[in-house]
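Next comes final_28.txt, with compact mmCIF, C-alpha atoms.
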```txt
# COMPACT_ATOMS: atom_id res chain seq x y z
CA MET A 226 0.00 0.00 0.00
CA THR A 227 2.81 2.44 0.84
CA ALA A 228 4.12 1.99 -2.69
CA TYR A 229 0.90 3.45 -4.10
CA LEU A 230 0.96 6.24 -1.52
CA SER A 231 4.46 7.11 -2.71
CA LEU A 232 3.10 7.42 -6.24
CA LEU A 233 0.61 10.00 -5.01
CA VAL A 234 3.42 11.93 -3.32
CA VAL A 235 5.47 11.80 -6.52
CA PHE A 236 2.53 13.03 -8.57
CA VAL A 237 1.80 15.96 -6.24
CA LEU A 238 5.47 16.96 -6.13
CA ALA A 239 5.78 16.72 -9.92
CA VAL A 240 2.76 19.00 -10.44
CA LEU A 241 4.08 21.47 -7.86
CA LEU A 242 7.56 21.51 -9.41
CA ILE A 243 6.44 21.92 -13.03
CA GLY A 244 3.66 24.38 -12.11
CA GLY A 245 6.08 26.32 -9.91
CA ILE A 246 8.66 26.69 -12.66
CA LEU A 247 6.04 27.89 -15.15
CA VAL A 248 4.55 30.38 -12.66
CA LEU A 249 8.06 31.66 -11.86
CA SER A 250 8.74 32.12 -15.56
CA HIS A 251 5.41 33.96 -15.91
CA LEU A 252 6.30 36.33 -13.06
CA LEU A 253 9.79 37.00 -14.38
CA ASN A 254 8.85 37.51 -18.01
CA PRO A 255 9.17 41.06 -19.28
CA GLN A 256 5.98 42.84 -20.36
CA ARG A 257 6.82 44.37 -23.69
CA SER A 258 4.73 46.37 -26.13
CA THR A 259 2.33 44.13 -28.00
CA ASN A 260 2.86 44.04 -31.71
CA PRO A 261 -0.14 42.52 -33.57
CA ALA A 262 2.25 40.49 -35.73
CA LYS A 263 3.36 38.59 -32.63
CA GLY A 264 -0.09 37.08 -32.27
CA GLU A 265 -0.07 35.52 -35.71
CA ALA A 266 0.63 31.86 -36.34
CA TYR A 267 4.14 31.27 -37.65
CA GLU A 268 4.08 30.38 -41.31
CA CYS A 269 7.53 31.37 -42.42
CA GLY A 270 6.56 35.00 -42.96
CA ILE A 271 3.48 34.36 -45.09
CA ILE A 272 0.25 35.81 -43.65
CA PRO A 273 -1.80 32.83 -42.37
CA LYS A 274 -5.03 32.12 -44.23
CA GLY A 275 -8.04 30.53 -42.56
CA ASP A 276 -8.22 28.33 -39.54
CA ALA A 277 -5.56 25.71 -38.88
CA ARG A 278 -8.15 23.16 -37.80
CA ALA A 279 -8.82 21.84 -41.27
CA PRO A 280 -9.95 18.23 -41.82
CA VAL A 281 -7.11 15.76 -41.39
CA SER A 282 -6.30 12.46 -43.05
CA ILE A 283 -8.51 9.52 -42.01
CA ARG A 284 -5.31 7.46 -41.77
CA PHE A 285 -4.61 8.93 -38.36
CA PHE A 286 -7.99 7.73 -37.17
CA VAL A 287 -7.43 4.19 -38.48
CA MET A 288 -4.05 4.16 -36.72
CA ALA A 289 -5.68 5.17 -33.44
CA LEU A 290 -8.28 2.39 -33.74
CA LEU A 291 -5.64 -0.25 -34.48
CA PHE A 292 -3.60 1.03 -31.57
CA LEU A 293 -6.54 0.59 -29.18
CA ILE A 294 -7.09 -3.02 -30.23
CA PHE A 295 -3.44 -4.00 -29.99
CA ASP A 296 -2.81 -2.11 -26.79
CA ILE A 297 -5.62 -3.96 -25.04
CA GLU A 298 -4.19 -7.20 -26.40
CA VAL A 299 -0.81 -6.38 -24.87
CA VAL A 300 -2.36 -5.49 -21.52
CA PHE A 301 -3.97 -8.96 -21.52
CA LEU A 302 -0.55 -10.48 -22.12
CA PHE A 303 1.05 -9.05 -18.96
CA PRO A 304 -0.84 -11.07 -16.31
CA TRP A 305 -0.34 -14.14 -18.49
CA ALA A 306 3.41 -13.51 -18.60
CA VAL A 307 3.65 -13.26 -14.81
CA VAL A 308 1.92 -16.59 -14.10
CA TYR A 309 3.24 -18.34 -17.20
CA HIS A 310 5.75 -20.50 -15.29
CA LYS A 311 2.77 -22.19 -13.62
CA LEU A 312 0.70 -22.70 -16.81
CA MET A 313 3.46 -23.85 -19.16
CA LEU A 314 2.46 -25.73 -22.32
CA LEU A 315 -1.29 -25.37 -21.78
CA GLY A 316 -0.86 -21.62 -21.24
CA TRP A 317 1.25 -21.44 -24.38
CA ILE A 318 -1.41 -23.13 -26.51
CA GLU A 319 -4.11 -20.87 -25.10
CA MET A 320 -2.09 -17.77 -25.84
CA VAL A 321 -1.32 -18.93 -29.38
CA ILE A 322 -5.07 -19.30 -29.96
CA PHE A 323 -5.69 -15.81 -28.52
CA LEU A 324 -2.93 -14.26 -30.60
CA GLY A 325 -4.08 -16.25 -33.64
CA ILE A 326 -7.51 -14.64 -33.53
CA LEU A 327 -5.90 -11.21 -33.32
CA LEU A 328 -3.46 -12.04 -36.09
CA VAL A 329 -6.37 -12.73 -38.44
CA GLY A 330 -7.48 -9.14 -37.86
CA TYR A 331 -3.88 -7.94 -38.19
CA PHE A 332 -3.42 -9.57 -41.59
CA TYR A 333 -6.84 -8.33 -42.69
CA ALA A 334 -5.78 -4.78 -41.86
CA TRP A 335 -2.50 -5.41 -43.68
CA GLY A 336 -4.36 -6.71 -46.74
CA GLN A 337 -6.66 -3.69 -46.70
CA GLY A 338 -3.60 -1.47 -46.83
CA ALA A 339 -4.09 0.11 -43.41
CA PHE A 340 -0.33 0.19 -42.84
CA ASP A 341 0.51 1.79 -46.19
CA TRP A 342 0.60 5.54 -46.05
CA LYS A 343 -0.23 6.82 -49.52
CA MET B 191 2.95 6.34 8.83
CA ALA B 192 4.74 9.69 8.90
CA GLN B 193 8.14 8.01 8.55
CA PRO B 194 7.61 6.46 5.09
CA ILE B 195 6.03 9.65 3.73
CA PHE B 196 9.00 11.68 4.91
CA GLN B 197 11.31 9.15 3.29
CA THR B 198 9.38 9.30 0.02
CA LEU B 199 9.53 13.09 0.11
CA TRP B 200 13.30 13.34 0.34
CA LYS B 201 13.86 10.53 -2.14
CA THR B 202 11.51 12.18 -4.63
CA GLY B 203 13.28 15.49 -4.12
CA VAL B 204 16.67 13.91 -4.79
CA VAL B 205 15.43 12.00 -7.85
CA PHE B 206 13.65 15.02 -9.37
CA LEU B 207 16.64 17.31 -8.88
CA GLY B 208 18.91 14.59 -10.25
CA ALA B 209 16.71 14.08 -13.30
CA LEU B 210 16.46 17.80 -14.05
CA THR B 211 20.23 18.14 -13.76
CA ALA B 212 20.68 15.05 -15.92
CA ALA B 213 18.33 16.52 -18.53
CA ALA B 214 20.20 19.85 -18.52
CA TYR B 215 23.56 18.15 -18.90
CA LEU B 216 22.25 15.75 -21.53
CA VAL B 217 21.50 18.79 -23.68
CA LEU B 218 25.06 19.96 -23.14
CA ALA B 219 26.44 16.45 -23.77
CA GLU B 220 24.45 16.21 -26.97
CA ARG B 221 25.71 19.56 -28.23
CA LYS B 222 29.26 18.79 -27.16
CA PHE B 223 29.33 15.33 -28.77
CA ALA B 224 27.62 16.68 -31.87
CA GLY B 225 30.40 19.23 -32.03
CA TYR B 226 33.10 16.59 -31.86
CA PHE B 227 31.31 14.32 -34.38
CA GLN B 228 31.30 17.23 -36.80
CA GLU B 229 34.85 18.33 -36.00
CA ARG B 230 33.98 21.51 -34.16
CA TYR B 231 34.20 22.39 -30.47
CA GLY B 232 30.60 22.67 -29.38
CA PRO B 233 29.66 25.10 -26.60
CA ASN B 234 32.85 26.21 -24.83
CA ARG B 235 32.26 29.83 -23.76
CA VAL B 236 30.28 29.63 -20.52
CA GLY B 237 32.48 28.20 -17.77
CA PRO B 238 35.30 25.67 -18.27
CA PHE B 239 34.53 23.45 -21.32
CA GLY B 240 31.10 25.09 -21.47
CA LEU B 241 30.04 23.32 -18.28
CA LEU B 242 27.88 26.23 -17.12
CA GLN B 243 26.00 26.42 -20.42
CA PRO B 244 22.83 24.66 -19.09
CA LEU B 245 22.62 27.24 -16.29
CA ALA B 246 22.94 30.12 -18.74
CA ASP B 247 20.27 28.58 -20.98
CA ALA B 248 17.88 28.13 -18.08
CA VAL B 249 18.25 31.74 -16.93
CA LYS B 250 17.82 32.99 -20.48
CA LEU B 251 14.64 30.96 -21.00
CA LEU B 252 13.21 32.08 -17.66
CA LEU B 253 13.64 35.73 -18.63
CA LYS B 254 12.24 35.46 -22.16
CA GLU B 255 9.03 37.17 -23.15
CA GLU B 256 5.96 34.97 -22.99
CA VAL B 257 3.79 35.20 -26.09
CA ILE B 258 0.32 33.74 -25.71
CA PHE B 259 -1.14 33.56 -29.06
CA PRO B 260 -4.72 35.04 -29.28
CA GLN B 261 -6.17 32.37 -31.60
CA ALA B 262 -4.96 29.53 -29.36
CA SER B 263 -7.35 27.65 -27.07
CA ARG B 264 -5.97 29.20 -23.92
CA GLY B 265 -6.73 26.51 -21.34
CA LEU B 266 -5.36 23.60 -23.35
CA TYR B 267 -2.49 25.70 -24.65
CA LEU B 268 -1.35 26.39 -21.09
CA ALA B 269 -2.04 22.83 -19.89
CA ALA B 270 0.05 21.06 -22.56
CA PRO B 271 3.52 21.98 -21.20
CA VAL B 272 2.41 21.01 -17.68
CA ILE B 273 1.22 17.61 -18.93
CA ILE B 274 4.51 17.09 -20.78
CA GLY B 275 6.60 17.99 -17.73
CA VAL B 276 4.59 15.96 -15.24
CA ALA B 277 4.34 12.94 -17.54
CA ALA B 278 8.11 13.03 -17.99
CA LEU B 279 8.75 13.02 -14.23
CA LEU B 280 6.23 10.32 -13.23
CA PRO B 281 8.12 7.23 -14.51
CA LEU B 282 11.01 8.12 -12.18
CA ALA B 283 8.89 6.87 -9.28
CA VAL B 284 9.51 3.21 -10.06
CA ILE B 285 13.07 3.16 -11.44
CA PRO B 286 15.44 1.31 -9.08
CA PHE B 287 18.77 3.17 -9.18
CA SER B 288 20.37 0.66 -6.84
CA GLU B 289 19.27 -2.30 -4.74
CA HIS B 290 17.99 -0.01 -2.00
CA PHE B 291 17.46 3.35 -3.65
CA TYR B 292 14.08 3.66 -5.37
CA ILE B 293 10.98 5.70 -4.56
CA ALA B 294 8.47 2.85 -4.84
CA ASP B 295 8.81 -0.84 -5.62
CA LEU B 296 5.50 -1.25 -7.38
CA PRO B 297 4.34 -4.83 -8.06
CA VAL B 298 2.90 -3.63 -11.40
CA ALA B 299 5.71 -1.24 -12.31
CA VAL B 300 5.84 -2.24 -15.98
CA LEU B 301 2.12 -1.51 -16.45
CA TYR B 302 2.57 1.79 -14.60
CA LEU B 303 5.40 2.73 -16.96
CA LEU B 304 3.26 2.02 -20.01
CA ALA B 305 0.36 3.98 -18.53
CA VAL B 306 2.26 7.15 -17.63
CA GLY B 307 4.43 6.79 -20.72
CA SER B 308 1.43 7.29 -22.97
CA LEU B 309 0.36 10.42 -21.05
CA SER B 310 2.96 12.49 -22.86
CA THR B 311 1.06 11.78 -26.11
CA TYR B 312 -1.71 13.96 -24.69
CA GLY B 313 0.71 16.81 -24.07
CA VAL B 314 2.03 16.62 -27.62
CA LEU B 315 -1.38 16.30 -29.25
CA LEU B 316 -3.00 19.04 -27.13
CA GLY B 317 0.00 21.33 -27.61
CA GLY B 318 -0.18 20.86 -31.37
CA TRP B 319 -3.94 21.22 -31.64
CA SER B 320 -4.49 24.10 -29.21
CA SER B 321 -1.84 26.28 -30.88
CA ASN B 322 -4.16 26.68 -33.88
CA SER B 323 -1.21 26.76 -36.23
CA LYS B 324 -0.83 24.49 -39.25
CA TYR B 325 2.70 23.35 -38.54
CA ALA B 326 1.91 22.65 -34.91
CA LEU B 327 -1.22 20.66 -35.78
CA LEU B 328 0.63 18.52 -38.33
CA GLY B 329 3.49 17.96 -35.91
CA GLY B 330 1.10 16.97 -33.12
CA LEU B 331 -0.82 14.53 -35.32
CA ARG B 332 2.29 12.91 -36.70
CA SER B 333 3.76 12.64 -33.28
CA ALA B 334 0.68 11.02 -31.77
CA ALA B 335 0.40 8.50 -34.63
CA GLN B 336 4.08 7.65 -34.28
CA MET B 337 4.06 7.33 -30.51
CA VAL B 338 1.02 5.02 -30.42
CA SER B 339 2.42 2.83 -33.23
CA TYR B 340 5.75 2.28 -31.54
CA GLU B 341 4.22 1.87 -28.12
CA ILE B 342 2.73 -1.48 -29.14
CA ALA B 343 6.08 -2.84 -30.25
CA MET B 344 7.67 -1.55 -27.05
CA ALA B 345 4.99 -3.13 -24.86
CA LEU B 346 5.29 -6.46 -26.69
CA ALA B 347 9.03 -6.41 -26.06
CA LEU B 348 8.32 -5.76 -22.38
CA VAL B 349 6.10 -8.86 -22.19
CA GLY B 350 9.18 -10.92 -23.06
CA VAL B 351 11.04 -9.44 -20.09
CA ALA B 352 8.06 -10.06 -17.80
CA LEU B 353 7.97 -13.69 -18.97
CA MET B 354 11.58 -14.27 -18.03
CA ALA B 355 11.48 -12.39 -14.73
CA GLN B 356 8.04 -13.79 -13.81
CA SER B 357 7.23 -10.41 -12.31
CA LEU B 358 6.29 -6.86 -13.28
CA SER B 359 8.30 -5.26 -10.47
CA LEU B 360 11.43 -3.54 -11.77
CA VAL B 361 13.42 -4.52 -8.67
CA LYS B 362 12.55 -8.19 -9.22
CA ILE B 363 13.34 -7.86 -12.92
CA VAL B 364 16.86 -6.65 -12.08
CA GLN B 365 17.29 -9.37 -9.44
CA ALA B 366 16.35 -11.99 -12.04
CA GLN B 367 19.35 -10.81 -14.10
CA GLN B 368 21.95 -11.49 -11.41
CA SER B 369 23.54 -14.36 -13.30
CA LEU B 370 22.58 -13.53 -16.90
CA TRP B 371 21.55 -10.19 -18.33
CA PHE B 372 18.33 -10.31 -20.35
CA LEU B 373 20.28 -8.79 -23.23
CA ILE B 374 21.36 -12.32 -24.24
CA PRO B 375 18.15 -14.40 -24.07
CA GLN B 376 16.04 -11.40 -25.11
CA ILE B 377 18.25 -10.08 -27.89
CA LEU B 378 15.32 -9.71 -30.32
CA GLY B 379 13.22 -7.95 -27.69
CA PHE B 380 16.18 -5.72 -26.85
CA VAL B 381 16.57 -4.56 -30.44
CA VAL B 382 12.82 -3.95 -30.78
CA PHE B 383 12.72 -2.05 -27.48
CA LEU B 384 15.70 0.11 -28.40
CA ILE B 385 14.30 1.03 -31.83
CA ALA B 386 10.89 1.77 -30.31
CA ALA B 387 12.61 3.87 -27.66
CA PHE B 388 14.12 6.09 -30.35
CA ALA B 389 10.64 6.63 -31.77
CA GLU B 390 9.03 7.19 -28.37
CA THR B 391 11.53 9.89 -27.50
CA ASN B 392 11.05 11.45 -30.96
CA ARG B 393 14.70 11.27 -31.81
CA LEU B 394 16.44 10.81 -35.12
CA PRO B 395 16.01 8.73 -37.23
CA PHE B 396 12.38 9.06 -36.09
CA ASP B 397 12.18 12.77 -35.29
CA LEU B 398 9.34 13.49 -37.73
CA PRO B 399 7.14 15.29 -35.21
CA GLU B 400 9.60 18.14 -35.19
CA ALA B 401 11.29 17.69 -38.52
CA GLU B 402 12.81 21.15 -38.77
CA SER B 403 13.11 21.16 -42.53
CA GLU B 404 9.41 20.36 -43.04
CA LEU B 405 7.50 21.52 -39.97
CA VAL B 406 9.65 24.29 -38.46
CA ALA B 407 9.49 22.86 -34.93
CA GLY B 408 6.40 20.66 -35.04
CA TYR B 409 4.03 20.69 -32.11
CA HIS B 410 5.89 23.34 -30.10
CA THR B 411 6.23 25.91 -32.90
CA GLU B 412 3.95 28.40 -31.13
CA TYR B 413 5.43 28.08 -27.65
CA SER B 414 7.88 30.56 -26.18
CA ALA B 415 9.85 31.21 -23.00
CA PHE B 416 9.79 28.45 -20.39
CA LYS B 417 6.71 26.80 -21.87
CA PHE B 418 8.90 25.97 -24.84
CA ALA B 419 11.67 24.90 -22.51
CA MET B 420 9.25 22.54 -20.77
CA PHE B 421 8.82 20.55 -24.00
CA PHE B 422 12.57 20.45 -24.30
CA VAL B 423 13.20 19.46 -20.68
CA GLY B 424 10.44 16.83 -20.92
CA GLU B 425 12.06 15.35 -23.98
CA TYR B 426 15.46 15.07 -22.34
CA ILE B 427 14.09 13.69 -19.06
CA HIS B 428 12.29 11.13 -21.22
CA LEU B 429 15.60 10.31 -22.89
CA PHE B 430 17.28 9.87 -19.50
CA ILE B 431 14.45 7.57 -18.39
CA VAL B 432 14.77 5.48 -21.53
CA GLY B 433 18.47 5.08 -20.79
CA CYS B 434 17.63 3.95 -17.25
CA LEU B 435 14.96 1.55 -18.51
CA VAL B 436 17.22 -0.14 -21.04
CA THR B 437 19.71 -0.61 -18.20
CA VAL B 438 17.10 -1.98 -15.81
CA LEU B 439 15.30 -4.24 -18.27
CA TYR B 440 18.13 -5.65 -20.36
CA LEU B 441 21.54 -4.72 -18.98
CA GLY B 442 21.26 -6.00 -15.42
CA GLY B 443 20.68 -2.70 -13.59
CA TRP B 444 23.06 -2.36 -10.66
CA TYR B 445 24.89 -5.68 -11.26
CA GLY B 446 28.37 -5.64 -12.72
CA PRO B 447 31.48 -7.79 -12.91
CA TRP B 448 32.51 -6.64 -9.43
CA LYS B 449 30.67 -5.34 -6.37
CA PRO B 450 27.10 -4.40 -7.41
CA GLY B 451 26.05 -0.81 -6.85
CA PRO B 452 24.60 2.33 -8.38
CA HIS B 453 27.89 3.11 -10.15
CA TRP B 454 27.21 0.23 -12.56
CA PHE B 455 23.71 1.53 -13.12
CA PHE B 456 24.92 5.01 -14.04
CA LEU B 457 27.81 3.75 -16.15
CA LYS B 458 25.45 1.60 -18.25
CA THR B 459 22.86 4.36 -18.49
CA PHE B 460 25.53 6.74 -19.72
CA LEU B 461 26.69 4.25 -22.37
CA VAL B 462 23.12 3.75 -23.62
CA LEU B 463 22.59 7.52 -23.77
CA PHE B 464 25.88 8.00 -25.59
CA PHE B 465 24.74 5.42 -28.12
CA MET B 466 21.46 7.29 -28.63
CA ILE B 467 23.29 10.58 -29.19
CA TRP B 468 25.70 8.86 -31.56
CA VAL B 469 22.85 7.45 -33.65
CA ARG B 470 21.18 10.86 -33.81
CA TRP B 471 24.21 12.43 -35.43
CA THR B 472 24.81 9.50 -37.79
CA TYR B 473 21.54 8.62 -39.52
CA PRO B 474 19.21 10.64 -41.74
CA ARG B 475 15.49 10.91 -41.07
CA PHE B 476 12.86 8.41 -42.24
CA ARG B 477 9.90 9.42 -44.37
CA PHE B 478 6.56 9.25 -42.60
CA ASP B 479 5.19 6.33 -44.66
CA GLN B 480 8.42 4.37 -44.08
CA LEU B 481 8.12 5.07 -40.38
CA MET B 482 4.58 3.72 -40.07
CA ARG B 483 5.28 0.75 -42.32
CA PHE B 484 8.38 -0.15 -40.33
CA SER B 485 6.53 -0.14 -37.04
CA TRP B 486 3.48 -2.15 -38.15
CA LYS B 487 5.03 -4.51 -40.67
CA VAL B 488 8.44 -5.18 -39.12
CA LEU B 489 8.68 -4.30 -35.43
CA ILE B 490 5.35 -5.73 -34.27
CA PRO B 491 5.76 -9.12 -36.03
CA VAL B 492 9.35 -9.38 -34.74
CA ALA B 493 8.20 -8.57 -31.21
CA LEU B 494 5.44 -11.20 -31.46
CA LEU B 495 7.94 -13.75 -32.75
CA ASN B 496 10.22 -12.96 -29.82
CA LEU B 497 7.30 -13.48 -27.47
CA LEU B 498 6.35 -16.86 -28.99
CA LEU B 499 9.95 -18.09 -29.03
CA THR B 500 10.59 -17.00 -25.44
CA SER B 501 7.45 -18.65 -24.12
CA LEU B 502 8.00 -21.83 -26.14
CA TRP B 503 11.59 -22.05 -24.92
CA MET B 504 10.41 -21.65 -21.34
CA ALA B 505 7.75 -24.35 -21.73
CA LEU B 506 10.16 -26.95 -23.07
```
Output the file's structure as structure tokens, nothing else.
Amino acid sequence: MTAYLSLLVVFVLAVLLIGGILVLSHLLNPQRSTNPAKGEAYECGIIPKGDARAPVSIRFFVMALLFLIFDIEVVFLFPWAVVYHKLMLLGWIEMVIFLGILLVGYFYAWGQGAFDWK
Amino acid sequence: MAQPIFQTLWKTGVVFLGALTAAAYLVLAERKFAGYFQERYGPNRVGPFGLLQPLADAVKLLLKEEVIFPQASRGLYLAAPVIIGVAALLPLAVIPFSEHFYIADLPVAVLYLLAVGSLSTYGVLLGGWSSNSKYALLGGLRSAAQMVSYEIAMALALVGVALMAQSLSLVKIVQAQQSLWFLIPQILGFVVFLIAAFAETNRLPFDLPEAESELVAGYHTEYSAFKFAMFFVGEYIHLFIVGCLVTVLYLGGWYGPWKPGPHWFFLKTFLVLFFMIWVRWTYPRFRFDQLMRFSWKVLIPVALLNLLLTSLWMAL
């Protein structure tokens, strides 16, 4: 239990440290005259046109979906890995079946070209 | 009850200060080594051999003017550097620097590392999106896609380590390497982890999120003063942590040919970090499609193969 309490302490100290540095920097920063050009998005000197939040490629969305599936798969693998020395061959066969089902989806995504960025 | 909290407090203080100093000097080391790799001196004006350069940089960044960009989504724009900084510091809680010096020996340390490790993706994505600038948005998106793709390969490599150590506690993982470092039985996993680590820390050859020649500075283009520095500090603390993790997971942590101790830990961490700096100044950058293809079509299958081989070998 103390280990988890320590994590809380670490988290609070980390927020205080980072927040403190940023507040310090805010207090120390010089207030200069505001030039309207400073408020513009940087586009190598060209005057920005329109909003930056334009539609983005669907590829990023597909990537995020695939990540979710595989990440959950990996999280399932961790408890299995810890108790594996007790399960042995039976555990191995079970995991191969589990991974096999996921691999079908993996190769389907591969075949559909989800990993090719065109 | 008060005793352990007090102990945690001073240990956390020491580790945080150590990590910030390490990050500051890693920047100097990187610039210095880069200088020597390119046959120039590197920073050598502030203090002997430029050793006070990090201090000068910090003071300069603290005193810089803060520009908060009117089109930006203010709340998220201000939160992103805090998320980056905090997410960079959190993994330090479970790293065992020696047999007795660690903040917390968590029984699920590996899961904790994966969980807080992916928090920095939020900082990058929010920083890029809230800036309302085209370069920043592209940098943030690229970075998020890259970090999530390589995280899977990294996590799969970690399962191999957990299999061999039969535990998720980092202290137990190091203790399991007393006679044989995991580098040897887990060589495939080691290579996958190291490559994924380059991508996770956004370093060359995978530094697309901030590819200067294409995206100016990527997701932190619109940040100034210490908010900018926070992205930088976060990145270098992350690098330091990756060095520590490679040491803990594959290179036997505090064990060495002679008396075990933290000196071995820091020596190995330094060598890993030197290697990462060396690679940065040696290889050119990947293209984005190559990067994604490499992660999904090469690293993940190799990591799965490593997992199957390790488990099969253990069962026989």
For this session: Determine, counting all atoms listed in the file, which protein, DNA and RNA residues have an atom within 9 Å of an atom of segment 321-335 of chain A; residues of the same chain fewer than 2 positions away are not included. Present the result as an MDAnalysis selection string.
Result: (chainID A and resid 291 294:295 298 316:319 337:341) or (chainID B and resid 486:487 494 498)
Problem set entry | Atom pair atom CA of Ala326 of chain B / atom CA of Gly408 of chain B: separation (Å) |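 Calculated distance between atom CA of Ala326 of chain B and atom CA of Gly408 of chain B is 4.9 Å.
Closest to Leu252 of chain A among B:Gln376, B:Glu289, B:Leu346, B:Ala415 is B:Ala415, based on all atoms listed in the file.
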Exercise. Atom CA of Val469 of chain B to atom CA of Leu441 of chain B: how many Å, to one decimal?
Worked result: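 Those two atoms sit 19.1 Å apart.
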For this session: Mind checking which residues fall within 12 Å of segment 237-251 of chain B, counting all atoms listed in the file, ignoring those fewer than 3 positions away in the same chain, and posting them as a PyMOL selection string?
Result: (chain A and resi 246-247+249-251+253-255) or (chain B and resi 210-222+231-234+254-256+413-420+422-423)
Export of prior selection with C-alpha atoms as a CSV table (one decimal), in the coordinates of the input:
```
chain,number,residue,atom,x,y,z
A,246,ILE,CA,8.7,26.7,-12.7
A,247,LEU,CA,6.0,27.9,-15.2
A,249,LEU,CA,8.1,31.7,-11.9
A,250,SER,CA,8.7,32.1,-15.6
A,251,HIS,CA,5.4,34.0,-15.9
A,253,LEU,CA,9.8,37.0,-14.4
A,254,ASN,CA,8.8,37.5,-18.0
A,255,PRO,CA,9.2,41.1,-19.3
B,210,LEU,CA,16.5,17.8,-14.0
B,211,THR,CA,20.2,18.1,-13.8
B,212,ALA,CA,20.7,15.0,-15.9
B,213,ALA,CA,18.3,16.5,-18.5
B,214,ALA,CA,20.2,19.8,-18.5
B,215,TYR,CA,23.6,18.2,-18.9
B,216,LEU,CA,22.2,15.8,-21.5
B,217,VAL,CA,21.5,18.8,-23.7
B,218,LEU,CA,25.1,20.0,-23.1
B,219,ALA,CA,26.4,16.4,-23.8
B,220,GLU,CA,24.4,16.2,-27.0
B,221,ARG,CA,25.7,19.6,-28.2
B,222,LYS,CA,29.3,18.8,-27.2
B,231,TYR,CA,34.2,22.4,-30.5
B,232,GLY,CA,30.6,22.7,-29.4
B,233,PRO,CA,29.7,25.1,-26.6
B,234,ASN,CA,32.8,26.2,-24.8
B,254,LYS,CA,12.2,35.5,-22.2
B,255,GLU,CA,9.0,37.2,-23.2
B,256,GLU,CA,6.0,35.0,-23.0
B,413,TYR,CA,5.4,28.1,-27.6
B,414,SER,CA,7.9,30.6,-26.2
B,415,ALA,CA,9.8,31.2,-23.0
B,416,PHE,CA,9.8,28.4,-20.4
B,417,LYS,CA,6.7,26.8,-21.9
B,418,PHE,CA,8.9,26.0,-24.8
B,419,ALA,CA,11.7,24.9,-22.5
B,420,MET,CA,9.2,22.5,-20.8
B,422,PHE,CA,12.6,20.4,-24.3
B,423,VAL,CA,13.2,19.5,-20.7
```
Exercise. Need the neighbours of (12.4, 5.2, -26.4): which residues are at most 8 Å away, counting all atoms listed in the file, as a PyMOL selection string?
Worked result: chain B and resi 383-392+428-429+432
Exercise. Using all atoms listed in the file, can you list as an NGL selection string the residues within 12 Å of (26.6, -4.2, -5.3)?
Worked result: :B and (287-291 or 365 or 368 or 442-455)
Seminar exercise, completed: Closest of A:Val287, A:Ile271, A:Met313, A:Val248 to chain B, counting all atoms listed in the file, is A:Met313
